[in-house]
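final-v1.txt follows; it contains compact mmCIF, C-alpha atoms.
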```txt
# COMPACT_ATOMS: atom_id res chain seq x y z
CA MET A 1 157.81 117.60 93.09
CA LEU A 2 159.25 114.24 92.05
CA ASP A 3 158.31 110.99 93.73
CA LEU A 4 161.66 109.18 93.76
CA ILE A 5 160.31 105.90 95.10
CA VAL A 6 157.96 105.07 92.22
CA SER A 7 159.38 101.87 90.76
CA ASN A 8 156.80 101.17 88.05
CA PRO A 9 158.18 102.68 84.83
CA THR A 10 154.70 102.92 83.31
CA GLU A 11 153.79 105.43 86.03
CA CYS A 12 156.84 107.70 85.66
CA GLY A 13 155.71 109.78 82.70
CA PHE A 14 158.12 108.31 80.16
CA ASP A 15 157.25 108.62 76.49
CA TYR A 16 157.19 105.17 74.91
CA ASP A 17 157.04 104.22 71.25
CA SER A 18 153.75 102.39 71.76
CA SER A 19 153.59 101.20 68.15
CA ALA A 20 157.03 99.57 68.33
CA ILE A 21 156.15 97.86 71.62
CA LEU A 22 152.83 96.55 70.34
CA ASP A 23 154.40 95.47 67.03
CA ALA A 24 156.97 93.42 68.97
CA LEU A 25 154.09 91.57 70.62
CA SER A 26 152.82 90.50 67.22
CA ASN A 27 156.04 88.56 66.57
CA SER A 28 155.11 84.88 66.22
CA ASP A 29 158.26 83.91 68.19
CA ALA A 30 156.48 85.27 71.27
CA LEU A 31 154.02 82.35 71.03
CA CYS A 32 156.78 79.81 71.73
CA TYR A 33 157.97 79.56 75.31
CA GLU A 34 161.01 77.52 76.21
CA ALA A 35 161.83 77.52 79.90
CA ASN A 36 165.53 77.90 80.63
CA PRO A 37 166.82 78.26 84.21
CA ARG A 38 169.70 80.40 82.92
CA GLY A 39 167.38 82.91 81.25
CA LEU A 40 166.24 83.47 77.70
CA GLU A 41 169.04 82.34 75.38
CA SER A 42 168.67 85.26 72.98
CA ALA A 43 168.97 87.65 75.94
CA ARG A 44 172.09 85.86 77.21
CA ARG A 45 173.61 86.06 73.72
CA ALA A 46 172.84 89.80 73.68
CA VAL A 47 174.62 90.22 77.04
CA ALA A 48 177.62 88.26 75.74
CA GLY A 49 177.60 90.53 72.65
CA TYR A 50 177.56 93.61 74.86
CA TYR A 51 180.69 92.43 76.66
CA ALA A 52 182.33 91.43 73.36
CA ASP A 53 181.97 95.07 72.28
CA TYR A 54 184.24 95.89 75.24
CA LYS A 55 186.72 93.13 74.34
CA VAL A 56 185.56 90.90 77.21
CA GLU A 57 184.98 87.34 76.11
CA VAL A 58 182.15 85.58 77.93
CA SER A 59 180.04 82.71 76.68
CA ALA A 60 176.26 82.97 76.69
CA GLY A 61 176.35 79.56 78.38
CA ASP A 62 178.17 81.10 81.35
CA ILE A 63 175.59 83.86 81.83
CA PHE A 64 172.65 83.50 84.21
CA LEU A 65 169.88 86.10 84.06
CA THR A 66 167.48 86.65 86.93
CA THR A 67 164.46 88.88 87.36
CA SER A 68 166.14 90.88 90.14
CA THR A 69 169.25 91.18 92.24
CA SER A 70 167.28 89.77 95.17
CA GLU A 71 166.55 86.62 93.17
CA ALA A 72 170.22 86.40 92.15
CA TYR A 73 171.39 86.71 95.76
CA SER A 74 168.90 84.04 96.78
CA TYR A 75 170.25 81.64 94.13
CA VAL A 76 173.84 82.31 95.15
CA PHE A 77 173.07 81.78 98.84
CA ARG A 78 171.20 78.54 98.14
CA THR A 79 174.01 77.32 95.87
CA LEU A 80 176.85 78.10 98.29
CA CYS A 81 175.24 77.43 101.66
CA ASP A 82 173.81 74.58 103.65
CA PRO A 83 171.56 75.33 106.64
CA GLY A 84 173.68 76.90 109.36
CA ASP A 85 176.30 78.30 107.00
CA GLN A 86 176.93 82.02 106.94
CA VAL A 87 177.37 84.76 104.40
CA LEU A 88 178.95 87.92 105.75
CA VAL A 89 177.04 91.06 104.83
CA PRO A 90 178.38 94.59 105.30
CA SER A 91 176.60 97.20 107.32
CA PRO A 92 175.42 99.52 105.90
CA SER A 93 174.49 97.55 102.80
CA TYR A 94 171.99 97.10 100.02
CA PRO A 95 168.86 96.26 102.10
CA PRO A 96 167.50 93.26 100.11
CA VAL A 97 170.72 91.33 100.76
CA ARG A 98 169.68 90.90 104.37
CA PHE A 99 166.45 89.16 103.36
CA SER A 100 167.65 87.06 100.42
CA GLY A 101 169.52 84.37 102.32
CA GLY A 102 166.50 82.26 103.19
CA HIS A 103 167.82 79.31 105.14
CA THR A 104 171.32 80.68 105.61
CA ARG A 105 172.56 82.29 108.78
CA ARG A 106 174.04 85.68 108.01
CA HIS A 107 175.86 88.19 110.17
CA PRO A 108 174.69 91.52 108.78
CA GLY A 109 176.88 93.62 111.05
CA ALA A 110 179.97 91.44 110.88
CA LEU A 111 181.44 93.46 108.05
CA SER A 112 181.34 97.03 109.21
CA ALA A 113 181.98 99.74 106.67
CA ALA A 114 183.09 103.14 107.89
CA TYR A 115 182.76 106.39 106.00
CA ASP A 116 185.87 108.57 106.04
CA HIS A 117 185.70 110.63 102.85
CA GLY A 118 184.74 107.30 101.22
CA TRP A 119 183.60 103.86 102.37
CA GLN A 120 186.24 101.70 104.00
CA ILE A 121 186.09 98.03 105.01
CA ASP A 122 187.24 97.11 108.50
CA PHE A 123 189.45 94.19 107.46
CA HIS A 124 190.29 93.27 111.06
CA ALA A 125 186.57 92.85 111.81
CA LEU A 126 186.21 90.84 108.61
CA GLU A 127 188.99 88.45 109.66
CA ARG A 128 187.41 88.00 113.11
CA ALA A 129 183.98 87.29 111.58
CA ILE A 130 185.12 84.47 109.29
CA THR A 131 184.39 81.00 110.67
CA PRO A 132 184.60 77.49 109.22
CA ARG A 133 180.92 77.93 108.23
CA THR A 134 181.56 81.13 106.23
CA ARG A 135 180.71 80.50 102.59
CA GLY A 136 180.87 84.00 101.19
CA VAL A 137 181.38 87.69 101.73
CA ILE A 138 179.10 90.24 100.09
CA VAL A 139 180.93 93.32 98.85
CA VAL A 140 178.52 95.99 97.67
CA HIS A 141 178.73 99.77 97.74
CA PRO A 142 176.49 101.10 100.54
CA ASN A 143 174.90 103.56 98.11
CA ASN A 144 173.57 100.73 95.94
CA PRO A 145 171.00 100.98 94.35
CA THR A 146 171.13 104.77 93.99
CA GLY A 147 174.41 104.73 92.10
CA HIS A 148 175.58 107.77 94.08
CA SER A 149 179.33 107.61 94.54
CA GLN A 150 180.44 111.22 94.90
CA ASN A 151 183.62 111.51 96.97
CA MET A 152 184.03 107.75 96.93
CA ARG A 153 187.52 106.32 97.23
CA LYS A 154 188.33 102.73 96.39
CA TRP A 155 187.83 100.40 99.33
CA GLN A 156 191.27 99.89 100.79
CA ASN A 157 192.94 97.36 103.01
```

Structure translated into structure tokens:
Amino acid sequence: MLDLIVSNPTECGFDYDSSAILDALSNSDALCYEANPRGLESARRAVAGYYADYKVEVSAGDIFLTTSTSEAYSYVFRTLCDPGDQVLVPSPSYPPVRFSGGHTRRHPGALSAAYDHGWQIDFHALERAITPRTRGVIVVHPNNPTGHSQNMRKWQN
């Protein structure tokens, strides 16, 4: 039996190279902390390098790293929205999106997605849901975060 909701990797039975992990902690660079609201610069450079390997040019200065997607959504909502603004969220959707808006007013059901051999957006409902206070539309696959996409067609209009 597998418990598929355990989210702590140290409790999942993975074999770790304990020596390598502990050796990394002995690096004197770990004693110096420099707060950066965009995330650790060396990590952002590594992400930029990853994309460069795929011929996508992105500057480390344009990358923002967060501790979770929920934190990222929260930052985006707070950046785009004033109190009373709305972000349209599909239903069904990735559950944390509904709780990440904080002070924003969201319409979780305003973007209905229907399953017909793949997820489809109801673009007529989307058009009706947009108001002058709409600041964004979340587009996320309903199977996020499982990654399951069997029989998925591209969302069409």

Exercise. Work out how far apart CA of Val58 (chain A) and CA of Tyr75 (chain A) are and give it in Å to one decimal.
Key: 20.5 Å

Quiz prompt | For Arg128 (chain A), the nearest of the candidates A:Phe77, A:Leu88, A:Pro83, A:Gly13, counting all atoms listed in the file | solution = A:Leu88

Quiz prompt | Atomic separation - CA of Glu71 (chain A) relative to CA of Cys12 (chain A), Å | solution =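 These atoms are spaced 24.4 Å apart.
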
Quiz item: What is the distance between CA of Asp82 (chain A) and CA of Pro96 (chain A), in Å to one decimal?
Solution: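 For CA of Asp82 (chain A) relative to CA of Pro96 (chain A), the distance reads 20.0 Å.
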
Practice problem: Find, counting only C-alpha atoms, the residue in A:Asp62, A:Glu57, A:Asp3, A:Asp29 that gets nearest to Arg44 (chain A). | Solution: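 Among the listed residues, the smallest separation from Arg44 (chain A) belongs to A:Asp62.
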
Quiz item: With only C-alpha atoms as the atoms that count, which of A:Ser91, A:Phe123, A:Ala52, A:Val97 lies nearest to Ser74 (chain A)?
Solution: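 Using only C-alpha atoms, the shortest distance to Ser74 (chain A) belongs to A:Val97.
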
Quiz item: Pick from A:His117, A:Thr66, A:Val89, A:Arg135: nearest to Asn36 (chain A), with all atoms listed in the file counted?
Solution: A:Thr66

Quiz item: Ala48 (chain A): which residues within 12 Å, counting only C-alpha atoms, same-chain residues fewer than 5 positions away excluded, as a list in words?
Solution: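 Near Ala48 (chain A), the qualifying residues are Glu41, Ser42, Ala43, Asp53, Tyr54, Lys55, Val56, Glu57, Val58, Ser59, Ala60, Gly61, Asp62, Ile63, Phe64 and Leu65 of chain A.
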